[in-house]
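Heads up: the structure comes next, in structure tokens.
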Amino acid sequence: MQMHHLEQVAPQRDQSGPRQRDVIYVEAPYDGHHGKLARSIIDACLPGGFPVRRPSALCEVALSLIASTGVRQILIDEAGNLLNAGRSTQQQSLAFIKAITNRGVTISIASTMNLVNVLAADEQLQSRFTRVEIPQWAESQSFRSFLASIELELGLPQESGLSDQAIVRWLVSRGCCTTSRVLDVICNAKRIAEVIPPLLAAAKSGAMRPSP
């Protein structure tokens, strides 16, 4: 969902140098280190790399680049990873996020309830976020409509029956109940469907080719 929003407001550019755009997207590092989060923000602002000699200066450099490149919104995915760090590093990460919002930049965080509880412990930080809970999909007409809209977006050469009851039940029974999981499964299936026919054709052609 965050990536869809990013594509709408800030399409990717095939160029290096500063990105003069309102929105950037980053993923929180798996170990939750604030320095790595800052590094991701720096790379999003300046594709191609920006040397920072002192790791301790990463957050400071990131804040400077956010201002100089005109960033107004940052989408942070996998923000629950911030909880993988120790308490001290968690506090530094939250302080870094607070410093970003102090500069008038909006932050959108995709995470789990665990991080929501951590943010709730800081009254100032909690007041800067509006909680939006995205429910999981279940077998319903709304889910079928969602799948039908995806099929239209994919532009398949023929109908796939993606919104059929059998497909809906298959997805739900296998835990594909979040939008990201559903999209992953569908996109992977589409890639496989595009690859297999050429492979079969090549294999058939090779089998029919006379031996030297």
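The way I read the labels, and the way they are meant: chains A, B, ... in the order of the structure tokens, residue 1 as the first residue of every chain, and ligand 1 as the first ligand shown, with later ones counted on from there.
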
From range 15-210 of chain A, collect each residue whose DSSP state is strand (DSSP E or B) and return the set as a PyMOL selection string.
chain A and resi 23-27+73-77+106-109

Write out the residues from the selection above, keeping N, CA and C atoms, as a PDB file, in the first residue's frame.
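The result, written out as result_1.pdb:
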ATOM      1  N   VAL A  23       8.066  12.727  -1.594  1.00  0.00           N
ATOM      2  CA  VAL A  23       7.935  11.499  -0.815  1.00  0.00           C
ATOM      3  C   VAL A  23       9.071  10.525  -1.117  1.00  0.00           C
ATOM      4  N   ILE A  24       9.602   9.892  -0.065  1.00  0.00           N
ATOM      5  CA  ILE A  24      10.581   8.823  -0.252  1.00  0.00           C
ATOM      6  C   ILE A  24      10.131   7.606   0.551  1.00  0.00           C
ATOM      7  N   TYR A  25      10.585   6.440   0.110  1.00  0.00           N
ATOM      8  CA  TYR A  25      10.219   5.170   0.752  1.00  0.00           C
ATOM      9  C   TYR A  25      11.481   4.466   1.226  1.00  0.00           C
ATOM     10  N   VAL A  26      11.465   3.982   2.463  1.00  0.00           N
ATOM     11  CA  VAL A  26      12.591   3.214   2.999  1.00  0.00           C
ATOM     12  C   VAL A  26      12.043   2.047   3.813  1.00  0.00           C
ATOM     13  N   GLU A  27      12.892   1.053   4.020  1.00  0.00           N
ATOM     14  CA  GLU A  27      12.553  -0.053   4.909  1.00  0.00           C
ATOM     15  C   GLU A  27      13.437   0.031   6.143  1.00  0.00           C
ATOM     16  N   GLN A  73       7.478  13.910   3.013  1.00  0.00           N
ATOM     17  CA  GLN A  73       6.875  12.723   3.616  1.00  0.00           C
ATOM     18  C   GLN A  73       7.813  11.536   3.438  1.00  0.00           C
ATOM     19  N   ILE A  74       7.938  10.729   4.492  1.00  0.00           N
ATOM     20  CA  ILE A  74       8.767   9.524   4.453  1.00  0.00           C
ATOM     21  C   ILE A  74       7.895   8.327   4.810  1.00  0.00           C
ATOM     22  N   LEU A  75       7.914   7.325   3.945  1.00  0.00           N
ATOM     23  CA  LEU A  75       7.180   6.089   4.194  1.00  0.00           C
ATOM     24  C   LEU A  75       8.169   5.055   4.718  1.00  0.00           C
ATOM     25  N   ILE A  76       7.967   4.591   5.941  1.00  0.00           N
ATOM     26  CA  ILE A  76       8.867   3.612   6.554  1.00  0.00           C
ATOM     27  C   ILE A  76       8.145   2.276   6.660  1.00  0.00           C
ATOM     28  N   ASP A  77       8.595   1.313   5.872  1.00  0.00           N
ATOM     29  CA  ASP A  77       8.006  -0.026   5.903  1.00  0.00           C
ATOM     30  C   ASP A  77       8.793  -0.907   6.870  1.00  0.00           C
ATOM     31  N   THR A 106       6.224  14.669   7.366  1.00  0.00           N
ATOM     32  CA  THR A 106       5.254  13.656   7.773  1.00  0.00           C
ATOM     33  C   THR A 106       5.863  12.272   7.616  1.00  0.00           C
ATOM     34  N   ILE A 107       5.674  11.427   8.615  1.00  0.00           N
ATOM     35  CA  ILE A 107       6.176  10.056   8.559  1.00  0.00           C
ATOM     36  C   ILE A 107       5.000   9.090   8.603  1.00  0.00           C
ATOM     37  N   SER A 108       5.001   8.161   7.658  1.00  0.00           N
ATOM     38  CA  SER A 108       4.001   7.093   7.630  1.00  0.00           C
ATOM     39  C   SER A 108       4.711   5.791   7.961  1.00  0.00           C
ATOM     40  N   ILE A 109       4.237   5.107   8.992  1.00  0.00           N
ATOM     41  CA  ILE A 109       4.889   3.890   9.467  1.00  0.00           C
ATOM     42  C   ILE A 109       3.964   2.692   9.268  1.00  0.00           C
TER      43      ILE A 109
END

Neighbouring residues of Ile134 in chain A were defined as those with any atom within 9 Å, considering only C-alpha atoms; residues of the same chain fewer than 2 positions away were excluded. Please report them as a ChimeraX atom specification.
/A:132,136,178

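Nearest to Gly80 in chain A of all the residues A:Asn117, A:Ser64, A:Ser56, A:Ser142 is A:Asn117, based on only C-alpha atoms.
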
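Residue neighbourhood of Glu139 in chain A, excluding near-sequence residues (fewer than 3 positions): Phe143, Arg144, Val168, Arg169 and Val172 of chain A, at 8 Å, using only C-alpha atoms.
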
Check range 130-176 of chain A with DSSP on the backbone and list each residue it calls alpha helix (DSSP H), as a list in words.
Gln141, Ser142, Phe143, Arg144, Ser145, Phe146, Leu147, Ala148, Ser149, Ile150, Glu151, Leu152, Glu153, Leu154, Gln165, Ala166, Ile167, Val168, Arg169, Trp170, Leu171, Val172 and Ser173 of chain A

For those residues, write N, CA, C and O atoms to a file as a PDB file, in the first residue's frame.
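Wrote selection-v8.pdb, looks like this:
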ATOM      1  N   GLN A 141     -17.451 -10.581  -0.135  1.00  0.00           N
ATOM      2  CA  GLN A 141     -17.644  -9.917  -1.418  1.00  0.00           C
ATOM      3  C   GLN A 141     -16.601  -8.826  -1.624  1.00  0.00           C
ATOM      4  O   GLN A 141     -16.139  -8.591  -2.741  1.00  0.00           O
ATOM      5  N   SER A 142     -16.216  -8.161  -0.543  1.00  0.00           N
ATOM      6  CA  SER A 142     -15.214  -7.098  -0.665  1.00  0.00           C
ATOM      7  C   SER A 142     -13.866  -7.673  -1.094  1.00  0.00           C
ATOM      8  O   SER A 142     -13.140  -7.053  -1.883  1.00  0.00           O
ATOM      9  N   PHE A 143     -13.521  -8.869  -0.594  1.00  0.00           N
ATOM     10  CA  PHE A 143     -12.266  -9.509  -0.992  1.00  0.00           C
ATOM     11  C   PHE A 143     -12.331  -9.912  -2.462  1.00  0.00           C
ATOM     12  O   PHE A 143     -11.372  -9.728  -3.218  1.00  0.00           O
ATOM     13  N   ARG A 144     -13.477 -10.445  -2.887  1.00  0.00           N
ATOM     14  CA  ARG A 144     -13.624 -10.826  -4.291  1.00  0.00           C
ATOM     15  C   ARG A 144     -13.540  -9.600  -5.202  1.00  0.00           C
ATOM     16  O   ARG A 144     -12.944  -9.653  -6.282  1.00  0.00           O
ATOM     17  N   SER A 145     -14.111  -8.495  -4.755  1.00  0.00           N
ATOM     18  CA  SER A 145     -14.041  -7.260  -5.544  1.00  0.00           C
ATOM     19  C   SER A 145     -12.605  -6.760  -5.635  1.00  0.00           C
ATOM     20  O   SER A 145     -12.165  -6.273  -6.683  1.00  0.00           O
ATOM     21  N   PHE A 146     -11.877  -6.895  -4.527  1.00  0.00           N
ATOM     22  CA  PHE A 146     -10.470  -6.495  -4.507  1.00  0.00           C
ATOM     23  C   PHE A 146      -9.664  -7.327  -5.495  1.00  0.00           C
ATOM     24  O   PHE A 146      -8.858  -6.803  -6.275  1.00  0.00           O
ATOM     25  N   LEU A 147      -9.889  -8.638  -5.497  1.00  0.00           N
ATOM     26  CA  LEU A 147      -9.175  -9.531  -6.412  1.00  0.00           C
ATOM     27  C   LEU A 147      -9.547  -9.240  -7.866  1.00  0.00           C
ATOM     28  O   LEU A 147      -8.690  -9.284  -8.761  1.00  0.00           O
ATOM     29  N   ALA A 148     -10.810  -8.921  -8.099  1.00  0.00           N
ATOM     30  CA  ALA A 148     -11.243  -8.590  -9.458  1.00  0.00           C
ATOM     31  C   ALA A 148     -10.553  -7.322  -9.952  1.00  0.00           C
ATOM     32  O   ALA A 148     -10.164  -7.227 -11.126  1.00  0.00           O
ATOM     33  N   SER A 149     -10.370  -6.354  -9.057  1.00  0.00           N
ATOM     34  CA  SER A 149      -9.694  -5.114  -9.448  1.00  0.00           C
ATOM     35  C   SER A 149      -8.216  -5.364  -9.743  1.00  0.00           C
ATOM     36  O   SER A 149      -7.644  -4.745 -10.645  1.00  0.00           O
ATOM     37  N   ILE A 150      -7.602  -6.288  -9.000  1.00  0.00           N
ATOM     38  CA  ILE A 150      -6.207  -6.639  -9.263  1.00  0.00           C
ATOM     39  C   ILE A 150      -6.080  -7.272 -10.645  1.00  0.00           C
ATOM     40  O   ILE A 150      -5.155  -6.971 -11.408  1.00  0.00           O
ATOM     41  N   GLU A 151      -7.025  -8.153 -10.968  1.00  0.00           N
ATOM     42  CA  GLU A 151      -6.992  -8.819 -12.273  1.00  0.00           C
ATOM     43  C   GLU A 151      -7.068  -7.796 -13.404  1.00  0.00           C
ATOM     44  O   GLU A 151      -6.374  -7.921 -14.420  1.00  0.00           O
ATOM     45  N   LEU A 152      -7.882  -6.775 -13.230  1.00  0.00           N
ATOM     46  CA  LEU A 152      -7.981  -5.725 -14.248  1.00  0.00           C
ATOM     47  C   LEU A 152      -6.665  -4.970 -14.382  1.00  0.00           C
ATOM     48  O   LEU A 152      -6.221  -4.643 -15.487  1.00  0.00           O
ATOM     49  N   GLU A 153      -6.019  -4.697 -13.239  1.00  0.00           N
ATOM     50  CA  GLU A 153      -4.753  -3.965 -13.254  1.00  0.00           C
ATOM     51  C   GLU A 153      -3.642  -4.774 -13.916  1.00  0.00           C
ATOM     52  O   GLU A 153      -2.755  -4.222 -14.568  1.00  0.00           O
ATOM     53  N   LEU A 154      -3.685  -6.096 -13.755  1.00  0.00           N
ATOM     54  CA  LEU A 154      -2.638  -6.950 -14.320  1.00  0.00           C
ATOM     55  C   LEU A 154      -2.699  -6.999 -15.844  1.00  0.00           C
ATOM     56  O   LEU A 154      -1.685  -7.267 -16.498  1.00  0.00           O
ATOM     57  N   GLN A 165     -14.819 -18.208  -6.228  1.00  0.00           N
ATOM     58  CA  GLN A 165     -14.916 -18.693  -4.854  1.00  0.00           C
ATOM     59  C   GLN A 165     -13.795 -19.667  -4.504  1.00  0.00           C
ATOM     60  O   GLN A 165     -13.226 -19.610  -3.404  1.00  0.00           O
ATOM     61  N   ALA A 166     -13.437 -20.542  -5.442  1.00  0.00           N
ATOM     62  CA  ALA A 166     -12.394 -21.537  -5.174  1.00  0.00           C
ATOM     63  C   ALA A 166     -11.050 -20.865  -4.900  1.00  0.00           C
ATOM     64  O   ALA A 166     -10.308 -21.275  -3.995  1.00  0.00           O
ATOM     65  N   ILE A 167     -10.732 -19.822  -5.676  1.00  0.00           N
ATOM     66  CA  ILE A 167      -9.468 -19.108  -5.482  1.00  0.00           C
ATOM     67  C   ILE A 167      -9.483 -18.357  -4.158  1.00  0.00           C
ATOM     68  O   ILE A 167      -8.495 -18.352  -3.410  1.00  0.00           O
ATOM     69  N   VAL A 168     -10.605 -17.720  -3.867  1.00  0.00           N
ATOM     70  CA  VAL A 168     -10.726 -16.970  -2.614  1.00  0.00           C
ATOM     71  C   VAL A 168     -10.513 -17.897  -1.418  1.00  0.00           C
ATOM     72  O   VAL A 168      -9.762 -17.582  -0.490  1.00  0.00           O
ATOM     73  N   ARG A 169     -11.157 -19.050  -1.448  1.00  0.00           N
ATOM     74  CA  ARG A 169     -11.020 -19.995  -0.337  1.00  0.00           C
ATOM     75  C   ARG A 169      -9.600 -20.549  -0.249  1.00  0.00           C
ATOM     76  O   ARG A 169      -9.090 -20.795   0.847  1.00  0.00           O
ATOM     77  N   TRP A 170      -8.967 -20.747  -1.400  1.00  0.00           N
ATOM     78  CA  TRP A 170      -7.589 -21.247  -1.411  1.00  0.00           C
ATOM     79  C   TRP A 170      -6.662 -20.232  -0.746  1.00  0.00           C
ATOM     80  O   TRP A 170      -5.807 -20.595   0.071  1.00  0.00           O
ATOM     81  N   LEU A 171      -6.823 -18.961  -1.078  1.00  0.00           N
ATOM     82  CA  LEU A 171      -5.979 -17.912  -0.503  1.00  0.00           C
ATOM     83  C   LEU A 171      -6.178 -17.811   1.008  1.00  0.00           C
ATOM     84  O   LEU A 171      -5.213 -17.764   1.775  1.00  0.00           O
ATOM     85  N   VAL A 172      -7.432 -17.784   1.432  1.00  0.00           N
ATOM     86  CA  VAL A 172      -7.730 -17.640   2.859  1.00  0.00           C
ATOM     87  C   VAL A 172      -7.231 -18.848   3.647  1.00  0.00           C
ATOM     88  O   VAL A 172      -6.663 -18.707   4.739  1.00  0.00           O
ATOM     89  N   SER A 173      -7.408 -20.051   3.096  1.00  0.00           N
ATOM     90  CA  SER A 173      -7.001 -21.265   3.810  1.00  0.00           C
ATOM     91  C   SER A 173      -5.493 -21.358   3.985  1.00  0.00           C
ATOM     92  O   SER A 173      -5.003 -22.063   4.867  1.00  0.00           O
TER      93      SER A 173
END

State, in Å with one decimal place, the distance from CA of Val185 in chain A to CA of Ser111 in chain A.
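The value is 20.5 Å.
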
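Ranking A:Ala99, A:Arg131, A:Leu65, A:Trp137 by their shortest atom-to-atom distance to Arg181 in chain A, with only C-alpha atoms included, puts A:Trp137 first.
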
Using CA of Phe96 in chain A and CA of Thr69 in chain A as the two end points, give the distance in Å to one decimal.
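Here the two named atoms are 18.1 Å from each other.
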
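Distances from A:Arg191, A:Glu123, A:Glu60, A:Ser140 to Asp164 in chain A were compared using only C-alpha atoms, and the smallest one belongs to A:Ser140.
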
Closest to Leu83 in chain A among A:Ser68, A:Gln124, A:Asn102, A:Asn114, using only C-alpha atoms?
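Closest to Leu83 in chain A of all the choices is A:Asn114.
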
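For the residues A:Leu46, A:Leu94, A:Leu183, A:Ala38, ranking by smallest atom-to-atom distance to Gly70 in chain A using only C-alpha atoms places A:Leu46 first.
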
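Minimum distance to Ala79 in chain A across A:Ile66, A:Leu37, A:Leu162, A:Ile186 (counting only C-alpha atoms) occurs at A:Leu37.
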
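Between CA of Arg53 in chain A and CA of Val71 in chain A lies a distance of 23.3 Å.
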